[in-house]
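Novice: Okay, handing you the structure first.
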Amino acid sequence: MHQIINFLIRYKTFLLYILLMIISLALTIQSHSYHQSKFFNSSNWVTGGIYQTTYNITSYFDLKTENKKLLEDNTKLRQYLYNSKRTESIALDTTTIGYTVISGQVIKNSYSNQHNYITINKGKKDSLKQDMGVITDKGILGIIENTSSNYASIQSILNLHSNINAKIKNTDHFGSLIWDTKEYNTVQLIDIPRLVPLTIGDTIVTGAMSSIFPENIPIGTIKKFNLDTSKSFFNIDVALFNDMTNIKNIYVIVNRNRTEILELEKETVANDQH
Amino acid sequence: MINTNFFINILRFTLLVLVQVMVFNRLNFFGFINPMVYILFLYWFPIKENRAAFIGLSFLLGLSIDFLSDTMAIHAASTVTIAYLRPAIMRFIFGVNLEFQSFRLGNTTKIQQITFLALLIIVHHLVFFTLEVFSFANVLLILKKAFVTGLATLILCLLFSTLFSVEKE
């Protein structure tokens, strides 16, 4: 007994180091194998508050450019509105629309790590939930991962865990959008069959297979493509429309039919197993 | 004496965390270089203090930066490592001088100070990027990131340490 205590006293710094190291490694490895940790993220009220304060100060510096961007976005939408044949009276019946949109601002952005997360200043109070899609006026941004009452953290498309259904515009050939962590302006589209005719410059948009994003939200254009090791699928480099280094105003897309779709899918799988 | 030291360290801790997350994590020089100036806390920390407390504080420092930059516990792991290795590194660089009661960082030569800081940064960055990339297939990527970011960190830390010199008298 005496010797054990002596041993503990002698090596106490080493033991402390090992203990703290194991704690941090456990936290890190857990996050590598699954999602972002529930507690250690920048959407809780302390860290969110710090970033909100910084945002309040720095947001004044680029009001002019942000206003210009919003104006451009409005122009585009108005043009679309005046040229659509739909009459206004039936357009906005809230019981029939499939998607609603909530706006927000980015208060923390990162793009140089392997697992990048973005924090926005909207949370549970604005009825945001996990697995809602986030876009900007130019293209997709990511998926909500965690929410606190006032903030939400988004898994950026620049994240090793990110996996989004995407397709080539005006066709129905779909694949998965992933990121190889190399460049912040390029993502990869995989699993597109070899027989699909591709041209550099083709537009990539979100596919219809996901219950998170609506179909046809722009992502980027084809920069380069080649066959993968099995020689039957394409690996496509996609140049993003979004400048991931400079994002302020974002829109969260709420799919009102998502729960229904998920329930149906779950039921079908359950029936299959009988 | 203990009290002023204590408060100076608390102040340093808070300021370094805030400066790190609000300024240097957003730098993204050449797209990926984010210098980690908070290592200065370990460089400046008094030598004669309790070792266990020092390791604990370093862990907290790393963890608070992890909280704010969504990096799990990578900063914590690498900071704890250099906190544990610091006495060994100091013995390697300062040798016998370390044993004297009057030993102070300010009394050593400039070269010794720079080597000390550089060794801390190298070890820290190697651990950090190994954990971040998390695959040994990408050893070259780890080395490249560690070297380039380390260089930026070293330059900035030297600038800061000359600006806010510890030994005034």
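Numbering starts fresh at 1 for the residues of each chain in the structure tokens, the chains themselves are lettered A, B, ... in the order given, and ligands are numbered from 1 as they appear.
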May I have the residues within 8 Å of A:Tyr184 as a list in words, using only C-alpha atoms and disregarding those fewer than 6 positions away in the same chain?
Specialist: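 Residues meeting the cut-off are Tyr111, Ser112, Leu158 and Met244 of chain A; Gly31 of chain B.
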Novice: Taking only C-alpha atoms into account, find every residue of chain B that has an atom no more than 6 Å from chain A, and write it out as a list in words.
Specialist: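 The complete set of qualifying residues is Phe32, Ala52, Phe67, Leu68, Asp70, Met72, Ala73 and Ala77 of chain B.
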Novice: Can you tell me how far atom CA of B:Gly95 sits from atom CA of B:Thr108, in Å to one decimal?
Specialist: 11.3 Å
Novice: Residues at most 12 Å from B:Lys144, counting only C-alpha atoms, excluding those fewer than 5 positions away in the same chain, as an mmCIF file with C-alpha atoms, in the first residue's frame?
Specialist:
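Dumped everything to selection.cif:
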```cif
data_model
loop_
_atom_site.group_PDB
_atom_site.id
_atom_site.type_symbol
_atom_site.label_atom_id
_atom_site.label_comp_id
_atom_site.auth_asym_id
_atom_site.auth_seq_id
_atom_site.Cartn_x
_atom_site.Cartn_y
_atom_site.Cartn_z
ATOM 1 C CA PHE B 32 -4.795 27.747 -44.320
ATOM 2 C CA ILE B 33 -2.197 29.406 -42.070
ATOM 3 C CA ILE B 122 7.413 22.383 -33.263
ATOM 4 C CA HIS B 125 2.216 21.745 -34.138
ATOM 5 C CA LEU B 126 3.298 18.173 -34.873
ATOM 6 C CA PHE B 129 -1.754 18.445 -37.115
ATOM 7 C CA THR B 130 -1.286 14.698 -36.570
ATOM 8 C CA VAL B 133 -5.426 15.115 -40.207
ATOM 9 C CA ASN B 138 -0.832 11.914 -45.163
ATOM 10 C CA VAL B 139 2.514 12.360 -43.381
ATOM 11 C CA THR B 149 2.071 27.239 -39.686
ATOM 12 C CA GLY B 150 4.915 26.785 -37.194
ATOM 13 C CA LEU B 151 7.006 29.373 -39.005
#
```
Novice: Let me make sure I understand: among A:Gln105, A:Asn170, A:Thr65, A:Thr100, which one has the smallest atom-to-atom distance to A:Gln52 if we use only C-alpha atoms?
Specialist: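 Nearest candidate to A:Gln52 out of A:Gln105, A:Asn170, A:Thr65, A:Thr100: A:Gln105.
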